[in-house]
Each structure stands twice: as structure tokens, then as C-alpha cells.
file my_file-v9.txt (compact mmCIF, C-alpha atoms)
# COMPACT_ATOMS: atom_id res chain seq x y z
CA MET A 1 196.21 45.59 78.59
CA THR A 2 197.00 49.08 77.55
CA THR A 3 197.77 50.86 80.74
CA LEU A 4 199.68 50.36 83.90
CA ALA A 5 196.51 51.01 85.90
CA ASN A 6 194.97 47.80 84.52
CA TRP A 7 197.94 45.78 85.67
CA ILE A 8 197.66 47.35 89.09
CA ASP A 9 194.01 46.26 89.25
CA LEU A 10 195.01 42.71 88.36
CA LEU A 11 197.75 42.67 90.97
CA ARG A 12 195.32 43.99 93.56
CA GLY A 13 193.08 41.09 92.64
CA LEU A 14 196.02 38.71 92.91
CA VAL A 15 196.62 39.84 96.50
CA VAL A 16 193.00 38.93 97.34
CA THR A 17 193.38 35.58 95.54
CA LEU A 18 196.53 34.80 97.51
CA GLU A 19 194.95 35.89 100.81
CA ALA A 20 191.85 33.79 100.22
CA SER A 21 193.95 30.77 99.15
CA ALA A 22 196.36 31.01 102.07
CA LEU A 23 193.63 31.44 104.70
CA SER A 24 191.46 28.65 103.35
CA LEU A 25 194.56 26.47 103.10
CA LEU A 26 195.28 26.88 106.81
CA ILE A 27 191.66 26.27 107.78
CA CYS A 28 191.24 23.24 105.51
CA ILE A 29 194.38 21.64 106.95
CA ALA A 30 193.03 22.16 110.48
CA ILE A 31 189.60 20.70 109.62
CA GLY A 32 191.28 17.93 107.61
CA ILE A 33 193.42 16.85 110.57
CA VAL A 34 190.38 16.74 112.86
CA LEU A 35 188.44 14.71 110.28
CA ALA A 36 191.31 12.29 109.64
CA LEU A 37 191.75 11.72 113.39
CA ALA A 38 188.01 11.26 113.84
CA ARG A 39 188.01 8.67 111.04
CA SER A 40 190.85 6.77 112.64
CA THR A 41 189.37 6.62 116.13
CA PRO A 42 187.53 3.59 117.41
CA ASN A 43 184.63 5.95 118.29
CA ARG A 44 181.77 4.93 115.99
CA ILE A 45 179.94 8.26 116.06
CA ALA A 46 183.05 10.34 115.31
CA HIS A 47 183.93 7.87 112.56
CA ALA A 48 180.50 8.11 110.92
CA LEU A 49 180.39 11.90 111.18
CA ALA A 50 183.81 12.20 109.55
CA ILE A 51 182.84 9.88 106.69
CA GLY A 52 179.59 11.78 106.20
CA TYR A 53 181.43 15.10 106.05
CA VAL A 54 184.08 13.89 103.59
CA GLU A 55 181.64 12.20 101.23
CA PHE A 56 179.14 15.05 101.27
CA PHE A 57 181.58 17.89 100.73
CA ARG A 58 183.66 16.35 97.99
CA ASN A 59 180.70 15.01 96.02
CA VAL A 60 179.04 18.40 95.64
CA PRO A 61 180.54 21.08 93.33
CA PRO A 62 182.42 23.80 95.26
CA LEU A 63 180.28 26.46 93.59
CA VAL A 64 177.23 25.03 95.39
CA HIS A 65 179.03 25.36 98.74
CA LEU A 66 180.00 28.95 97.96
CA PHE A 67 176.46 29.83 96.86
CA PHE A 68 174.98 28.20 99.95
CA ILE A 69 177.22 30.13 102.32
CA PHE A 70 176.80 33.40 100.44
CA PHE A 71 173.11 33.33 99.42
CA ALA A 72 171.43 30.87 101.77
CA LEU A 73 173.05 31.38 105.18
CA PRO A 74 171.95 35.06 105.44
CA ARG A 75 168.33 33.84 105.11
CA LEU A 76 168.95 31.62 108.11
CA GLY A 77 170.25 34.63 110.02
CA ILE A 78 173.98 33.94 109.53
CA VAL A 79 175.65 36.79 107.66
CA PHE A 80 179.33 36.81 106.70
CA PRO A 81 181.20 39.32 104.55
CA PRO A 82 181.85 37.95 101.02
CA PHE A 83 185.55 37.36 101.69
CA VAL A 84 184.76 35.21 104.75
CA CYS A 85 182.17 33.28 102.70
CA ALA A 86 184.82 32.65 100.06
CA VAL A 87 187.41 31.40 102.55
CA LEU A 88 184.85 29.21 104.33
CA GLY A 89 183.53 27.68 101.10
CA LEU A 90 187.00 26.88 99.78
CA ALA A 91 188.16 25.54 103.16
CA LEU A 92 185.13 23.31 103.80
CA TYR A 93 185.36 21.79 100.31
CA HIS A 94 189.10 21.14 100.33
CA ALA A 95 189.09 19.88 103.93
CA SER A 96 187.40 16.72 102.66
CA TYR A 97 190.34 16.07 100.34
CA VAL A 98 192.91 16.86 103.04
CA ALA A 99 191.13 14.39 105.33
CA GLU A 100 191.30 11.61 102.74
CA ILE A 101 194.97 12.22 102.03
CA LEU A 102 195.85 12.26 105.74
CA ARG A 103 193.78 9.15 106.41
CA ALA A 104 195.67 7.28 103.69
CA GLY A 105 198.91 8.48 105.29
CA ILE A 106 197.84 7.35 108.76
CA GLN A 107 196.81 3.96 107.38
CA ALA A 108 200.09 3.55 105.55
CA VAL A 109 202.10 4.14 108.72
CA GLY A 110 200.22 1.21 110.14
CA ARG A 111 198.45 0.11 113.27
CA ASP A 112 201.58 -1.28 114.87
CA GLN A 113 203.10 2.16 115.37
CA LEU A 114 199.94 3.37 117.08
CA ASP A 115 199.70 0.25 119.24
CA ALA A 116 203.37 0.48 120.20
CA ALA A 117 203.01 4.10 121.24
CA ARG A 118 199.83 3.29 123.17
CA ALA A 119 201.66 0.43 124.90
CA LEU A 120 204.36 2.91 125.94
CA GLY A 121 201.66 4.89 127.72
CA PHE A 122 200.81 7.56 125.16
CA SER A 123 197.18 8.62 124.98
CA TYR A 124 195.41 8.12 121.65
CA LEU A 125 195.96 11.74 120.61
CA GLY A 126 199.50 11.71 121.96
CA ALA A 127 200.34 8.59 119.97
CA MET A 128 198.90 10.22 116.85
CA ARG A 129 200.72 13.48 117.50
CA TYR A 130 204.15 12.05 118.31
CA ALA A 131 204.30 8.67 116.59
CA VAL A 132 201.89 8.38 113.65
CA LEU A 133 201.46 11.87 112.13
CA PRO A 134 205.20 12.72 111.99
CA GLN A 135 205.85 9.51 110.07
CA SER A 136 202.99 10.08 107.66
CA ILE A 137 204.09 13.61 106.74
CA TRP A 138 206.51 12.41 104.05
CA LEU A 139 203.88 10.11 102.61
CA VAL A 140 201.19 12.75 102.37
CA ALA A 141 203.42 15.61 101.15
CA PRO A 142 203.16 14.98 97.36
CA PRO A 143 199.34 14.66 97.19
CA LEU A 144 198.96 17.63 99.57
CA VAL A 145 201.14 19.78 97.30
CA ASN A 146 198.91 18.93 94.34
CA LEU A 147 195.84 19.73 96.40
CA PHE A 148 197.18 23.14 97.41
CA ILE A 149 197.83 24.10 93.80
CA SER A 150 194.34 22.95 92.91
CA LEU A 151 192.96 25.04 95.80
CA PHE A 152 194.78 28.09 94.43
CA LYS A 153 193.17 27.57 91.02
CA THR A 154 189.72 26.75 92.43
CA SER A 155 189.83 30.04 94.36
CA ALA A 156 188.96 31.76 91.05
CA LEU A 157 185.35 30.68 91.76
CA VAL A 158 185.07 33.25 94.55
CA ALA A 159 184.65 35.89 91.83
CA ALA A 160 181.18 34.40 91.36
CA ILE A 161 180.12 35.64 94.81
CA GLY A 162 181.57 39.10 94.22
CA VAL A 163 184.95 38.80 95.93
CA ALA A 164 187.36 41.10 94.06
CA ASP A 165 190.03 38.50 93.30
CA LEU A 166 192.20 38.16 90.19
CA MET A 167 189.45 36.49 88.17
CA TYR A 168 186.95 39.18 89.21
CA TRP A 169 189.23 41.98 88.01
CA GLY A 170 189.75 40.10 84.76
CA GLU A 171 186.00 40.06 84.16
CA ILE A 172 185.69 43.76 85.10
CA LEU A 173 188.52 44.80 82.77
CA ASN A 174 187.06 42.66 80.00
CA GLU A 175 183.77 44.49 80.33
CA GLN A 176 185.44 47.90 80.49
CA THR A 177 187.95 47.53 77.67
CA PHE A 178 186.43 44.81 75.44
CA ARG A 179 189.97 43.55 74.92
CA THR A 180 189.03 39.96 75.71
CA PHE A 181 192.20 38.35 74.41
CA GLU A 182 194.64 40.72 76.06
CA VAL A 183 192.82 40.80 79.41
CA PHE A 184 192.29 37.06 79.83
CA SER A 185 195.76 36.21 78.52
CA ALA A 186 197.19 38.52 81.16
CA VAL A 187 194.99 36.97 83.87
CA GLY A 188 195.95 33.47 82.70
CA LEU A 189 199.60 34.41 82.71
CA VAL A 190 199.42 35.65 86.30
CA TYR A 191 197.67 32.42 87.39
CA LEU A 192 200.16 30.32 85.46
CA VAL A 193 203.22 32.06 86.91
CA CYS A 194 201.79 31.67 90.41
CA SER A 195 200.94 27.97 90.01
CA ILE A 196 204.38 27.24 88.59
CA ALA A 197 206.07 29.23 91.37
CA LEU A 198 203.87 27.51 93.93
CA SER A 199 204.58 24.01 92.63
CA PHE A 200 208.31 24.81 92.45
CA ALA A 201 208.42 26.19 96.00
CA LEU A 202 206.27 23.41 97.44
CA GLY A 203 208.28 20.84 95.49
CA ARG A 204 211.45 22.12 97.15
CA LEU A 205 209.76 21.99 100.54
CA GLU A 206 208.57 18.46 99.86
CA LEU A 207 212.11 17.42 98.94
CA ARG A 208 213.45 18.85 102.19
CA VAL A 209 210.75 17.16 104.22
CA ARG A 210 211.61 13.88 102.53
CA GLN A 211 215.32 14.24 103.14
CA LYS A 212 214.60 14.91 106.78
CA GLY A 213 212.40 11.84 106.79
CA LEU A 214 215.25 9.72 105.44
CA GLU A 215 217.59 11.14 108.07
CA HIS A 216 215.11 10.20 110.76
CA ALA A 217 214.72 6.73 109.33
CA ALA A 218 218.48 6.21 109.12
CA MET B 1 154.40 22.74 104.54
CA PRO B 2 156.52 25.92 104.90
CA ARG B 3 156.30 28.28 101.94
CA GLU B 4 159.95 27.79 100.99
CA TRP B 5 159.50 24.07 100.40
CA GLU B 6 156.26 24.33 98.51
CA VAL B 7 157.82 24.57 95.06
CA PHE B 8 159.39 21.14 95.60
CA THR B 9 155.99 19.51 96.02
CA HIS B 10 155.26 20.08 92.33
CA VAL B 11 156.20 17.46 89.77
CA GLN B 12 157.06 20.22 87.27
CA THR B 13 159.88 21.46 89.52
CA TRP B 14 161.48 18.05 89.55
CA ALA B 15 161.03 17.62 85.79
CA TRP B 16 162.72 20.99 85.28
CA LEU B 17 165.60 20.09 87.58
CA GLY B 18 165.85 16.66 85.96
CA GLY B 19 166.21 18.37 82.58
CA GLY B 20 169.05 20.44 84.01
CA LEU B 21 170.72 17.34 85.42
CA LEU B 22 170.46 15.72 81.99
CA VAL B 23 172.27 18.72 80.44
CA THR B 24 174.99 18.44 83.11
CA LEU B 25 175.52 14.72 82.51
CA ARG B 26 175.37 15.08 78.73
CA VAL B 27 177.91 17.90 78.57
CA ALA B 28 180.26 16.01 80.90
CA ALA B 29 179.90 12.77 78.90
CA LEU B 30 180.45 14.58 75.60
CA VAL B 31 183.57 16.27 76.94
CA VAL B 32 185.00 12.96 78.20
CA ALA B 33 184.30 11.29 74.83
CA ILE B 34 185.93 14.07 72.78
CA SER B 35 188.88 14.56 75.10
CA LEU B 36 189.57 10.86 75.12
CA ILE B 37 190.34 11.20 71.40
CA THR B 38 192.12 14.56 71.53
CA GLY B 39 193.90 13.51 74.73
CA THR B 40 195.20 10.32 73.08
CA PHE B 41 196.68 12.36 70.23
CA LEU B 42 198.17 14.81 72.70
CA ALA B 43 199.66 11.93 74.70
CA LEU B 44 201.17 10.53 71.48
CA ALA B 45 202.66 13.95 70.73
CA ARG B 46 204.01 14.03 74.26
CA LEU B 47 205.73 10.66 73.68
CA SER B 48 206.78 11.47 70.11
CA ARG B 49 210.31 11.13 68.76
CA HIS B 50 210.14 14.68 67.37
CA GLY B 51 211.43 17.18 69.88
CA ALA B 52 209.28 20.08 68.68
CA LEU B 53 206.09 18.06 68.90
CA ARG B 54 207.00 16.77 72.35
CA TRP B 55 207.80 20.28 73.51
CA ALA B 56 204.55 21.72 72.15
CA ALA B 57 202.48 19.00 73.82
CA ARG B 58 204.26 19.55 77.12
CA ALA B 59 203.73 23.30 76.89
CA TYR B 60 200.01 22.85 76.21
CA ILE B 61 199.55 20.43 79.11
CA ASN B 62 201.48 22.56 81.59
CA ILE B 63 199.82 25.83 80.60
CA ILE B 64 196.30 24.41 80.76
CA ARG B 65 196.97 22.69 84.08
CA GLY B 66 198.31 25.93 85.53
CA ILE B 67 195.20 28.06 85.02
CA PRO B 68 191.72 27.82 86.57
CA VAL B 69 189.04 26.03 84.54
CA PHE B 70 186.73 28.95 85.37
CA LEU B 71 189.06 31.25 83.44
CA ILE B 72 189.01 28.95 80.40
CA ILE B 73 185.21 28.85 80.46
CA VAL B 74 184.85 32.64 80.72
CA PHE B 75 187.58 33.25 78.15
CA THR B 76 186.00 30.89 75.61
CA TYR B 77 182.60 32.44 76.24
CA PHE B 78 183.81 35.96 75.44
CA ALA B 79 186.44 35.07 72.84
CA LEU B 80 184.29 33.04 70.42
CA PRO B 81 181.93 35.94 69.49
CA LYS B 82 185.03 38.13 68.97
CA LEU B 83 186.21 35.60 66.43
CA LYS B 84 182.80 35.90 64.74
CA VAL B 85 181.85 32.44 65.95
CA ASN B 86 178.38 32.56 67.43
CA VAL B 87 177.49 29.41 69.30
CA SER B 88 175.24 28.45 72.20
CA ALA B 89 176.43 28.49 75.79
CA ALA B 90 176.36 24.68 75.70
CA THR B 91 178.81 24.55 72.78
CA SER B 92 181.03 27.20 74.31
CA VAL B 93 181.21 25.43 77.68
CA THR B 94 181.72 22.05 75.99
CA LEU B 95 184.62 23.51 74.02
CA ALA B 96 186.15 25.13 77.11
CA LEU B 97 185.89 21.97 79.20
CA THR B 98 187.32 19.94 76.31
CA ILE B 99 190.33 22.28 76.08
CA TYR B 100 190.83 21.70 79.80
CA ALA B 101 190.10 17.97 79.97
CA THR B 102 192.29 17.18 76.95
CA ALA B 103 195.37 18.17 78.94
CA LEU B 104 194.35 16.06 81.96
CA ILE B 105 193.26 13.04 79.94
CA ALA B 106 196.48 13.20 77.89
CA GLU B 107 198.40 12.65 81.13
CA ILE B 108 196.13 9.72 82.03
CA VAL B 109 196.63 8.16 78.58
CA ARG B 110 200.38 8.73 78.75
CA ALA B 111 200.59 7.03 82.13
CA GLY B 112 198.46 4.18 80.74
CA ILE B 113 200.72 3.72 77.71
CA LEU B 114 203.89 3.82 79.81
CA ALA B 115 202.40 1.21 82.16
CA VAL B 116 202.21 -1.37 79.35
CA PRO B 117 205.38 -3.48 79.58
CA PRO B 118 207.73 -2.77 76.63
CA GLY B 119 207.89 -6.52 75.98
CA GLN B 120 204.33 -6.33 74.63
CA MET B 121 205.38 -3.85 71.95
CA GLU B 122 208.55 -5.76 71.14
CA ALA B 123 206.66 -9.05 70.85
CA ALA B 124 204.07 -7.52 68.50
CA ARG B 125 206.75 -5.88 66.36
CA SER B 126 208.75 -9.12 66.13
CA LEU B 127 205.60 -10.88 64.96
CA GLY B 128 205.68 -8.52 61.99
CA LEU B 129 203.00 -5.98 63.00
CA ASP B 130 203.84 -2.44 61.95
CA ALA B 131 204.18 0.35 64.50
CA ARG B 132 200.68 1.72 63.99
CA THR B 133 198.92 -1.65 64.28
CA THR B 134 201.00 -2.51 67.31
CA PHE B 135 199.96 0.70 69.00
CA ALA B 136 196.27 0.48 68.08
CA HIS B 137 195.75 -3.23 68.71
CA VAL B 138 198.32 -4.22 71.32
CA VAL B 139 199.43 -1.25 73.40
CA LEU B 140 196.31 0.92 73.55
CA PRO B 141 193.82 -1.82 74.60
CA GLN B 142 196.10 -2.82 77.45
CA ALA B 143 196.75 0.80 78.38
CA PHE B 144 193.02 1.34 78.55
CA ARG B 145 192.70 -1.04 81.47
CA THR B 146 194.86 1.11 83.74
CA MET B 147 193.13 4.22 82.42
CA VAL B 148 189.59 3.34 83.51
CA PRO B 149 189.76 4.31 87.21
CA PRO B 150 191.34 7.76 86.62
CA LEU B 151 188.93 8.34 83.73
CA VAL B 152 185.96 7.76 86.04
CA GLY B 153 187.60 10.25 88.39
CA GLN B 154 187.89 12.70 85.52
CA TYR B 155 184.19 12.32 84.71
CA ILE B 156 183.36 13.17 88.33
CA ILE B 157 185.54 16.29 88.16
CA LEU B 158 183.86 17.24 84.88
CA ILE B 159 180.37 16.92 86.35
CA LYS B 160 181.48 19.23 89.14
CA ASN B 161 183.13 21.63 86.67
CA THR B 162 180.05 21.74 84.46
CA SER B 163 178.36 23.65 87.29
CA ILE B 164 180.73 26.57 86.54
CA GLY B 165 179.02 26.77 83.13
CA SER B 166 175.93 28.09 84.94
CA ILE B 167 177.78 31.41 85.35
CA VAL B 168 177.99 31.91 81.58
CA GLY B 169 174.38 30.79 81.08
CA LEU B 170 174.68 27.06 80.44
CA ASP B 171 171.15 25.81 81.15
CA GLU B 172 172.27 23.02 83.51
CA LEU B 173 171.32 21.86 86.99
CA LEU B 174 172.84 24.67 89.07
CA ARG B 175 171.56 27.45 86.80
CA ARG B 176 168.03 26.06 86.97
CA THR B 177 168.36 25.92 90.75
CA VAL B 178 169.44 29.56 90.82
CA ILE B 179 166.40 30.46 88.70
CA ILE B 180 164.16 28.60 91.17
CA TYR B 181 165.52 30.31 94.25
CA ASN B 182 165.50 33.73 92.61
CA THR B 183 161.82 33.19 91.81
CA TYR B 184 160.72 31.64 95.10
CA GLN B 185 163.26 33.37 97.35
CA ASN B 186 164.32 30.09 98.96
CA PRO B 187 168.11 29.73 98.40
CA ALA B 188 168.67 27.53 101.46
CA GLN B 189 166.07 24.95 100.45
CA SER B 190 166.91 25.01 96.73
CA LEU B 191 170.67 24.72 97.24
CA LEU B 192 170.15 21.89 99.71
CA VAL B 193 168.05 20.05 97.12
CA VAL B 194 170.64 20.56 94.37
CA ALA B 195 173.45 19.48 96.70
CA VAL B 196 171.58 16.26 97.41
CA LEU B 197 170.99 15.74 93.68
CA TYR B 198 174.69 16.19 92.87
CA PHE B 199 175.59 13.93 95.76
CA ALA B 200 173.17 11.24 94.58
CA PHE B 201 175.02 11.08 91.26
CA LEU B 202 178.59 11.71 92.33
CA PHE B 203 178.74 9.51 95.42
CA PRO B 204 178.10 6.21 93.56
CA LEU B 205 180.56 7.28 90.86
CA SER B 206 183.33 8.14 93.32
CA THR B 207 182.72 4.91 95.22
CA LEU B 208 183.02 3.04 91.92
CA SER B 209 186.21 4.89 91.05
CA ARG B 210 187.79 3.98 94.40
CA LYS B 211 186.77 0.32 94.03
CA LEU B 212 188.23 0.17 90.53
CA GLU B 213 191.46 1.71 91.77
CA LEU B 214 191.78 -0.86 94.56
CA LYS B 215 191.00 -3.68 92.16
CA ASP B 216 193.58 -2.35 89.74
CA ARG B 217 196.22 -2.18 92.45
CA ARG B 218 195.44 -5.72 93.56
CA ALA B 219 195.69 -6.92 89.95
CA ASP B 220 199.12 -5.32 89.76
CA PHE B 221 200.29 -7.12 92.86
CA SER B 222 199.13 -10.49 91.57
CA GLU B 223 201.06 -10.17 88.32
call {"tool": "encode", "arguments": {"input": "my_file-v9.txt", "output": "C-alpha cells"}}
result
Amino acid sequence: MTTLANWIDLLRGLVVTLEASALSLLICIAIGIVLALARSTPNRIAHALAIGYVEFFRNVPPLVHLFFIFFALPRLGIVFPPFVCAVLGLALYHASYVAEILRAGIQAVGRDQLDAARALGFSYLGAMRYAVLPQSIWLVAPPLVNLFISLFKTSALVAAIGVADLMYWGEILNEQTFRTFEVFSAVGLVYLVCSIALSFALGRLELRVRQKGLEHAA
Amino acid sequence: MPREWEVFTHVQTWAWLGGGLLVTLRVAALVVAISLITGTFLALARLSRHGALRWAARAYINIIRGIPVFLIIVFTYFALPKLKVNVSAATSVTLALTIYATALIAEIVRAGILAVPPGQMEAARSLGLDARTTFAHVVLPQAFRTMVPPLVGQYIILIKNTSIGSIVGLDELLRRTVIIYNTYQNPAQSLLVVAVLYFAFLFPLSTLSRKLELKDRRADFSE
């Protein structure tokens, strides 16, 4: 890492990494909530579809999902820009984990809460929204935090479909300068600092959420 | 039969993919076996009385867990030749995944050791066993029981991570699939086939891992 320009390239890559991670995070939470709700409904078809989704997506390597979206979908007439492919691939894969975490949270809150809310006249979705999900947030916060950090690290795979993220720039600089040790140490350092910062920030958030949870319970 | 599917009607295609799957499973199994040993030593260092050793083990675990496994694989692949070590892609990827898995398995082993009630160690020591024998014959076998479910989980993650090796030329399942679809121009069909193959191996394993975890939790409650 001899020049400032190289660092600027890496930081440019970092911005793409962060954008891809943040967007796929939002999308995977949204899909995860839908899946978790579908799995907890009495509707057999929704239940089976949700199980099928979760089991399929988490038992296939994320690289296969990314390759499918990037190389195979265009053949079927569906063309996305590489960045969209990256976000979609990451989101679809991690949504299966979000769904499992949320389902465990919903189960832990228990049927009684749902039944009580239903008895008070809430619809199924209303009972979930106002009674069950708010109580499960503190239960699911720690595993979700771990998942988000893992999503951030997994996002390095998007370099394999040509998205110019941090990892991608690392590979480019390695080819240009042949300074393998310096380049990849720098890339590793940037990832490390970000994961530590992320786990620190999310840890603080988790703590606050928990404290609020205790206040509610008290 | 549409043209894109035709290649999958040949036995040779399946034999070729099967060979790739074998490489995937073998690399993952090898990595688990090696990192079980290195991870145990790292866990011992992490629990050591010596501050420096404990600190070094913690640093290793936290650094490795904070960077993408893809980076470790690429780094190892380019760094080894620089160090005048010329090895195959399989060795390079095995080494990279071992560096990564050692940190994760060390945490599993540590949790396993800490889960063994201290009374077990005290009882063994008061019977006159020395520290090393106590650890090897009393603590570790009991720790192993709690370690099995997360270790199965780790094997699943490793099978998935082995697919990243295809990028640096490891001749495993995904790389062979890429070769097929580059030759026959059928990425949709080929990737669907490989997804089903991965699923066929990983789904039973993850079901097993969940069952073991539940069983383990129930065993804890009954004690």
C-alpha cells in the first residue's frame, strides 16, 4: 500500500460493500418477517411454502445463489445490473436465517399471548404486530446482531460477480502492485475494523432494546 | 429433451459432478478433522493461566472472526507462492479454511470445556490424577458431548464455504458446474442441478444438527 490513491480505491470499495450490506439487510429483514409470519400461520400452504424457502436457501451455498441470479437469470430474460444481483443474492440467502431466528422468537413468546390478543378482537396480523413481535424483539436481538455481522462479511462474495466492493478492489490492487501481503492486510484491516465497529454499535443497540424491554416488563 | 438439459442425460456428467462433490466433502472433512486438533489447542491457550498466551489466542480468534473467509482463501492462494511455497489449490484452500475454522472450533471447544461442571475436575484431581490426565480423560470426553451439535453445524458451514474455493481453482462441485455451463451455455439448468445436489447433502445434515441440539437441550433439562 504505497500510495494514497490505493487507499482511496479501497475506501471506494468499502462504500459499495456497506451499501450492498445495508440494502440486503433491509430486504432480508422484510422477507424474513413475511416468512416467519407465514410459518406461524395456521394456513397449510403458506406454512409449507415458508419451510420450503427457508430450507432451500440456507442449504445451498450463497455463491450458487449469486451465480444463478447473475449468470442464469439473464438467459431466462431477467436482467439486473450486477449490484442489484449482489443485493438480491445476499438478501434471499440471509432471509432464511432471519426467518428462523424470528420464528424461534415468536415461539418463545408463546401461543397464549397470541390467543389472548385474538380473544381481545385483534386480527391475526394485528395480534402479531402489536402483541407477539414487540415481545420477541429482545429475544431475537442477539442472534440477529450476529447474523448482520455475518452478512457484512459474506458480502465479500459479490466481488465474484464483478461488483466493485472492498474485496474486488483488493484483488485488483493485488494484481496491479503484486504486493500481496500489504494489499490483503489492508483489506483485512478495513473489514476487521468495520466488523468490530458494527458489533460494538449493534451491541449497544441491543443493550438499549433490552433495557426498554425490562422497563416494559416492569 | 431441450438442448440445455441434454448434458444431464449422460452418465459421464454425473460421474464428473460426483467427483467434484467428493472433493467438496473431502476438503470439508479434512478441515474439520485438523481444526478439531488445532482448535482444541487454541481453546486451551484461550483458557490458559498465562496472560500472554490467553491474549494471543483471543487476538487470533477475534481477528479471524472479523474478516471474510473469502479474503482468507484469496490471501492464502496468492501469499503461499510469494513465500516460495508451491502447493495445489486443494492444499491452499484446505489451509485457508483450516485457519478460519480453527478460530470457530476453538470457541466451540471452549464452550464445551466450560460446560463440564468443575466438580468433575475436582473429583478427578482428588482421586490423584494429574492435570493432564484429568483434562484428557475426564474433562474433554464430557466436553465433546456438548460439542457435537455445533460441530455438525460447522461442517455444514465448511461445505458451503468450500464452494468459494472454486474461485481460486479448487476442482470441486461448483467449479465443475461452472465448467459445464460455460461449455454447454446452460447456466440456469446447471446451477439448478448443483443447488439440488448441495441441498441433498446439506438438508439431512442440518436436520441432524437441529435434532442433536434439541436432544442436547432436553438432556440438560433432565439433569
call {"tool": "interface_residues", "arguments": {"input": "my_file-v9.txt", "of": "chain B", "to": "chain A", "cutoff": "10 Å", "atoms": "all atoms listed in the file", "output": "VMD selection string"}}
result
chain B and resid 62 to 72 74 to 80 82 156 to 164 166 to 167 174 178 181 185 to 192 194 to 207
call {"tool": "closest_residue", "arguments": {"input": "my_file-v9.txt", "among": "A:Ala22, A:Ala36, A:Leu66, A:Ala117", "to": "Tyr53 in chain A", "atoms": "all atoms listed in the file"}}
result
A:Ala36
call {"tool": "atom_distance", "arguments": {"input": "my_file-v9.txt", "atom1": "CA of Leu23 in chain A", "atom2": "CA of Leu88 in chain A"}}
result
9.1 Å
call {"tool": "residues_around", "arguments": {"input": "my_file-v9.txt", "residues": "Ile113 in chain B", "least_positions_apart": "5", "cutoff": "10 Å", "atoms": "only C-alpha atoms", "output": "ChimeraX atom specification"}}
result
/B:40,43-44,47,107-108,118,135,139-144,146-147
call {"tool": "atom_distance", "arguments": {"input": "my_file-v9.txt", "atom1": "CA of Ile31 in chain A", "atom2": "CA of Leu144 in chain A"}}
result
14.1 Å
call {"tool": "atom_distance", "arguments": {"input": "my_file-v9.txt", "atom1": "CA of Thr3 in chain A", "atom2": "CA of Tyr168 in chain A"}}
result
18.0 Å
call {"tool": "residues_around", "arguments": {"input": "my_file-v9.txt", "residues": "Thr24 in chain B", "least_positions_apart": "2", "cutoff": "7 Å", "atoms": "only C-alpha atoms", "output": "list in words"}}
result
Gly20, Leu21, Leu22, Arg26, Val27, Ala28, Ile159, Thr162, Glu172 and Leu173 of chain B
call {"tool": "closest_residue", "arguments": {"input": "my_file-v9.txt", "among": "A:Ile33, A:Ser40, A:Tyr130, A:Val163", "to": "Arg111 in chain A", "atoms": "only C-alpha atoms"}}
result
A:Ser40
call {"tool": "residues_around", "arguments": {"input": "my_file-v9.txt", "residues": "Arg54 in chain B", "least_positions_apart": "4", "cutoff": "12 Å", "atoms": "only C-alpha atoms", "output": "PDB file with C-alpha atoms, in the frame of the given file"}}
result
ATOM      1  CA  PHE B  41     196.680  12.360  70.230  1.00  0.00           C
ATOM      2  CA  LEU B  42     198.170  14.810  72.700  1.00  0.00           C
ATOM      3  CA  ALA B  43     199.660  11.930  74.700  1.00  0.00           C
ATOM      4  CA  LEU B  44     201.170  10.530  71.480  1.00  0.00           C
ATOM      5  CA  ALA B  45     202.660  13.950  70.730  1.00  0.00           C
ATOM      6  CA  ARG B  46     204.010  14.030  74.260  1.00  0.00           C
ATOM      7  CA  LEU B  47     205.730  10.660  73.680  1.00  0.00           C
ATOM      8  CA  SER B  48     206.780  11.470  70.110  1.00  0.00           C
ATOM      9  CA  ARG B  49     210.310  11.130  68.760  1.00  0.00           C
ATOM     10  CA  HIS B  50     210.140  14.680  67.370  1.00  0.00           C
ATOM     11  CA  ARG B  58     204.260  19.550  77.120  1.00  0.00           C
ATOM     12  CA  ALA B  59     203.730  23.300  76.890  1.00  0.00           C
ATOM     13  CA  TYR B  60     200.010  22.850  76.210  1.00  0.00           C
ATOM     14  CA  ILE B  61     199.550  20.430  79.110  1.00  0.00           C
TER      15      ILE B  61
END
call {"tool": "residues_around", "arguments": {"input": "my_file-v9.txt", "residues": "Ile29 in chain A", "least_positions_apart": "4", "cutoff": "10 Å", "atoms": "all atoms listed in the file", "output": "list in words"}}
result
Ser24, Leu25, Ile33, Val34, Leu35, Ala91, Leu92, His94, Ala95, Ser96, Tyr97, Val98, Ala99, Leu102 and Leu144 of chain A
call {"tool": "closest_residue", "arguments": {"input": "my_file-v9.txt", "among": "B:Ile37, B:Leu212, B:Ala15, B:Leu104", "to": "Gln154 in chain B", "atoms": "all atoms listed in the file"}}
result
B:Leu104
